[in-house]
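**Student:** The structure's right below; bear with me while I get my questions together.
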Amino acid sequence: MKELSNKFLWGGSIAAHQLEGAWQEGGKGPAIMDFATSGSAAIPREYTKTIEEGRRYPSHEGIDFYHRYKEDIKLFGDMGFKSLRLSVDWSRIYPNGDDAEPNQAGIEFYQQVVDELLKHNIEPIVTLYHFELPMNLVTKYGSWKNRKVVDFYLKYAETMLHALKGKVKYWVTFNEMNHLEPQTEASDMFTYILAGLKYRELEGNKKETLAIIGYHMTLAAVKANQLIRQIDATNQAGCVFGIVPTYPINSDPINVLNAFKEMDRDFYQIDAMCYGEFPKYKMTELEDMGIDIGMTEEDKAAFAEGKLDFIGMNYYMSQVARYEGDTADENALFGGVQNPFIEKSKWGWGIDPIGLRYLLNYTYRRYGLPIIICENGLGAFDEVGPDGIVHDDYRIDFLQKHLRELKKAVVEDKVDCFGYLMWGPIDLVSATTGEMRKRYGFIYVDKQDDGTGDLSRTPKESFYWYKKLIAENGASL
């Protein structure tokens, strides 16, 4: 097998609300994930309206990246990272979201983080919206239901584009906005994570509200794409989507059709950002439901001019579409059922390395744009061994199998995939459960779910495996 390009971006992805901490430092305002309690696989996180005494809010401390970013970035550099995807917390830049002037301390923090990455020859990829919405925009404006939030987002984006001009080339407008529509009790959390709203508390026509929120986010993304290139013509504009390949349980034509429809519903926003217009099929679907998303002629021009330069894909699992005779206890996270042919992680996520190759092929042949895998990883219970090291051979096995399929997609299938960013390269707070014990990292952080731990960082066995893999540019896969 031929090899990957020597420009391939090996690295990892992190998000501000899951590791920064310092939630009331440096002029930061309260954001929606600051009101998310700790939970578990069995007990869902709660999203409180105030900070309640006696409750644990993991984002308040995270893993203290805010004060320890130099130490962490040095460890990434020691692994040989070529790239790190990080998010900017909007509430550090505009604490209320609608402030007249930005918070200079917040800007300077991210400038310093990016400078540290560049010092270690790590290419920064900056996500502008990764579940970090100033709470004031929810309470005062009703979140993304209100079109004014699009303008506030663009003002914030422009601020960061100027602040990091010449230092950041790759920009991501949103992370996983396609998960907005709840399909199961488990995935209902994404209404809050993305927009700070509780699905069960939405008033009026819930489907209409979700459609308008999704439309406003998509519109904000294409308008931001224009800004990204306008401010620096060398910039690359992307958006990240979390796609779950969905298979039929068998070759019964109705099951094949249902699987296609279930998977394809996640692509309408990518269609809107790649084809230069909001999809007619989606408009017709909304019109049939009596939903008016308020599209204007100016919006149509924004879609025509704000197309993507690259697509970011997050891949964790696949699923099987629902079929007649399936059982309720087989539910997968995003509305399908578990695949009987594959094993599951400790958190019930289907482990399917070939699904990554399938997704890369499907997406590349549909759009023909460069793709970067922005998240892929295994949440697991890690135990520190007698020698003080986590021997996570299960993680190495998971990643190695997925990366072999990625390499096949690039080398054999000719997919233009220019990077792989593992989630998350250092242990951090799980967005879905609020746990620390659901660990993904190459680096163990001494922080437990009861709040104990000295926050010290220790490389796991996988740290040295990934370092070797990067050094050889995946030759041994």
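Starting from 1 in every chain, residues are counted up; chains themselves are A, B, ... following the order of the structure tokens, and ligands are numbered from 1 as listed.
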Excluding stretch 312-319 of chain A and any residue of its chain fewer than 4 positions from it, enumerate the residues within 7 Å of it, using only C-alpha atoms, and give them as a ChimeraX atom specification.
**Tutor:** /A:238-247,332,336-339,349-352,355-356,371-377
**Student:** So that I can check the surroundings of A:Ile213, please list as a list in words every protein, DNA and RNA residue that reaches within 9 Å of it, counting only C-alpha atoms and ignoring chain neighbours fewer than 4 positions away.
**Tutor:**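 In the requested form, the answer reads Ser143, Trp144, Lys145, Asn146, Arg147, Leu180, Ala195, Glu208, Thr209, Met217, Thr218 and Ile293 of chain A.
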**Student:** Could you make a table, as a Markdown table, of the residues of stretch 7-40 of chain A that have an atom within 10 Å of an atom of stretch 414-418 of chain A, each with its nearest atom pair and distance in Å to one decimal, counting only C-alpha atoms, in chain and number order?
**Tutor:**
| residue | atom | partner | partner_atom | distance |
| --- | --- | --- | --- | --- |
| A:Lys7 | CA | A:Phe418 | CA | 7.6 |
| A:Phe8 | CA | A:Phe418 | CA | 5.2 |
| A:Leu9 | CA | A:Phe418 | CA | 6.2 |
| A:Trp10 | CA | A:Phe418 | CA | 9.0 |
**Student:** With distances taken over only C-alpha atoms, which residue among A:Leu308, A:Gly21, A:Lys2, A:Met79 lies nearest A:Phe463?
**Tutor:** A:Met79
**Student:** Need the shell around A:Val126: protein/DNA/RNA residues with any atom at most 9 Å away, counting only C-alpha atoms. Skip same-chain ones fewer than 2 positions apart. Format as an mmCIF file with N, CA, C and O atoms, in the first residue's frame?
**Tutor:**
data_model
loop_
_atom_site.group_PDB
_atom_site.id
_atom_site.type_symbol
_atom_site.label_atom_id
_atom_site.label_comp_id
_atom_site.auth_asym_id
_atom_site.auth_seq_id
_atom_site.Cartn_x
_atom_site.Cartn_y
_atom_site.Cartn_z
ATOM 1 N N LEU A 84 -3.723 20.825 16.055
ATOM 2 C CA LEU A 84 -4.661 20.722 17.177
ATOM 3 C C LEU A 84 -5.881 21.549 16.841
ATOM 4 O O LEU A 84 -5.777 22.726 16.488
ATOM 5 N N ARG A 85 -7.044 20.914 16.950
ATOM 6 C CA ARG A 85 -8.298 21.656 16.807
ATOM 7 C C ARG A 85 -8.772 22.045 18.196
ATOM 8 O O ARG A 85 -8.890 21.205 19.084
ATOM 9 N N LEU A 86 -9.024 23.328 18.377
ATOM 10 C CA LEU A 86 -9.492 23.848 19.659
ATOM 11 C C LEU A 86 -10.663 24.779 19.410
ATOM 12 O O LEU A 86 -10.844 25.277 18.294
ATOM 13 N N SER A 87 -11.462 25.012 20.424
ATOM 14 C CA SER A 87 -12.574 25.951 20.269
ATOM 15 C C SER A 87 -12.329 27.207 21.077
ATOM 16 O O SER A 87 -11.641 27.192 22.098
ATOM 17 N N VAL A 88 -12.889 28.293 20.581
ATOM 18 C CA VAL A 88 -12.925 29.551 21.319
ATOM 19 C C VAL A 88 -14.264 29.606 22.041
ATOM 20 O O VAL A 88 -15.311 29.338 21.449
ATOM 21 N N PRO A 124 -2.844 25.297 14.227
ATOM 22 C CA PRO A 124 -4.116 25.445 14.936
ATOM 23 C C PRO A 124 -5.301 25.399 13.970
ATOM 24 O O PRO A 124 -5.267 25.997 12.896
ATOM 25 N N LEU A 128 -15.256 27.998 16.038
ATOM 26 C CA LEU A 128 -15.875 29.187 16.618
ATOM 27 C C LEU A 128 -17.084 28.869 17.491
ATOM 28 O O LEU A 128 -17.464 29.671 18.338
ATOM 29 N N VAL A 168 -3.826 31.677 12.156
ATOM 30 C CA VAL A 168 -4.736 30.555 11.960
ATOM 31 C C VAL A 168 -5.204 30.548 10.513
ATOM 32 O O VAL A 168 -5.712 31.547 10.009
ATOM 33 N N LYS A 169 -5.048 29.414 9.858
ATOM 34 C CA LYS A 169 -5.460 29.249 8.457
ATOM 35 C C LYS A 169 -6.782 28.506 8.344
ATOM 36 O O LYS A 169 -7.624 28.826 7.514
ATOM 37 N N TYR A 170 -6.982 27.487 9.183
ATOM 38 C CA TYR A 170 -8.177 26.644 9.120
ATOM 39 C C TYR A 170 -9.193 27.081 10.178
ATOM 40 O O TYR A 170 -8.891 27.106 11.373
ATOM 41 N N TRP A 171 -10.393 27.408 9.719
ATOM 42 C CA TRP A 171 -11.466 27.864 10.604
ATOM 43 C C TRP A 171 -12.684 26.950 10.463
ATOM 44 O O TRP A 171 -13.059 26.577 9.359
ATOM 45 N N VAL A 172 -13.280 26.616 11.600
ATOM 46 C CA VAL A 172 -14.494 25.802 11.647
ATOM 47 C C VAL A 172 -15.598 26.659 12.251
ATOM 48 O O VAL A 172 -15.440 27.205 13.350
ATOM 49 N N THR A 173 -16.715 26.777 11.547
ATOM 50 C CA THR A 173 -17.788 27.657 12.022
ATOM 51 C C THR A 173 -18.609 27.038 13.150
ATOM 52 O O THR A 173 -18.910 27.692 14.147
#
**Student:** Considering only C-alpha atoms, return as a PyMOL selection string whatever protein or nucleic-acid residues lie within 7 Å of stretch 440-448 of chain A, sequence-local ones (same chain, fewer than 2 positions apart) excluded.
**Tutor:** chain A and resi 377-380+423-427+436-438+450-460+462-463
**Student:** So, counting only C-alpha atoms, which residue among A:Gly276, A:Pro30, A:Gly142, A:Gly474 is closest to A:Thr50?
**Tutor:**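 Checking each candidate against A:Thr50, we get A:Pro30 as the closest.
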**Student:** Could you make a table, as a Markdown table, of the residues of stretch 145-164 of chain A that have an atom within 10 Å of an atom of stretch 102-123 of chain A, each with its nearest atom pair and distance in Å to one decimal, counting only C-alpha atoms, in chain and number order?
**Tutor:**
| residue | atom | partner | partner_atom | distance |
| --- | --- | --- | --- | --- |
| A:Lys155 | CA | A:Pro102 | CA | 9.6 |
| A:Tyr156 | CA | A:Pro102 | CA | 8.1 |
| A:Thr159 | CA | A:Pro102 | CA | 7.8 |
| A:Met160 | CA | A:Ile107 | CA | 7.4 |
| A:Ala163 | CA | A:Ile107 | CA | 6.9 |
| A:Leu164 | CA | A:Gln111 | CA | 6.5 |
**Student:** Go ahead and write the selection's residues with C-alpha atoms as a CSV table (one decimal), in the first residue's frame.
**Tutor:**
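Writing the result to result10.csv gives the following:
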chain,number,residue,atom,x,y,z
A,155,LYS,CA,-19.6,40.0,15.1
A,156,TYR,CA,-17.9,37.6,17.4
A,159,THR,CA,-13.4,39.7,16.2
A,160,MET,CA,-11.6,36.4,16.4
A,163,ALA,CA,-7.4,38.7,16.4
A,164,LEU,CA,-5.8,35.5,15.0
**Student:** Which one is closest to A:Lys148: A:Tyr215, A:Asp98, A:Leu4, A:Met189? Count only C-alpha atoms.
**Tutor:**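 Residue with the minimum atom-to-atom distance to A:Lys148: A:Asp98.
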**Student:** Using atom CA of A:Ile389 and atom CA of A:Ala475 as the two end points, give the distance in Å to one decimal.
**Tutor:** 26.4 Å
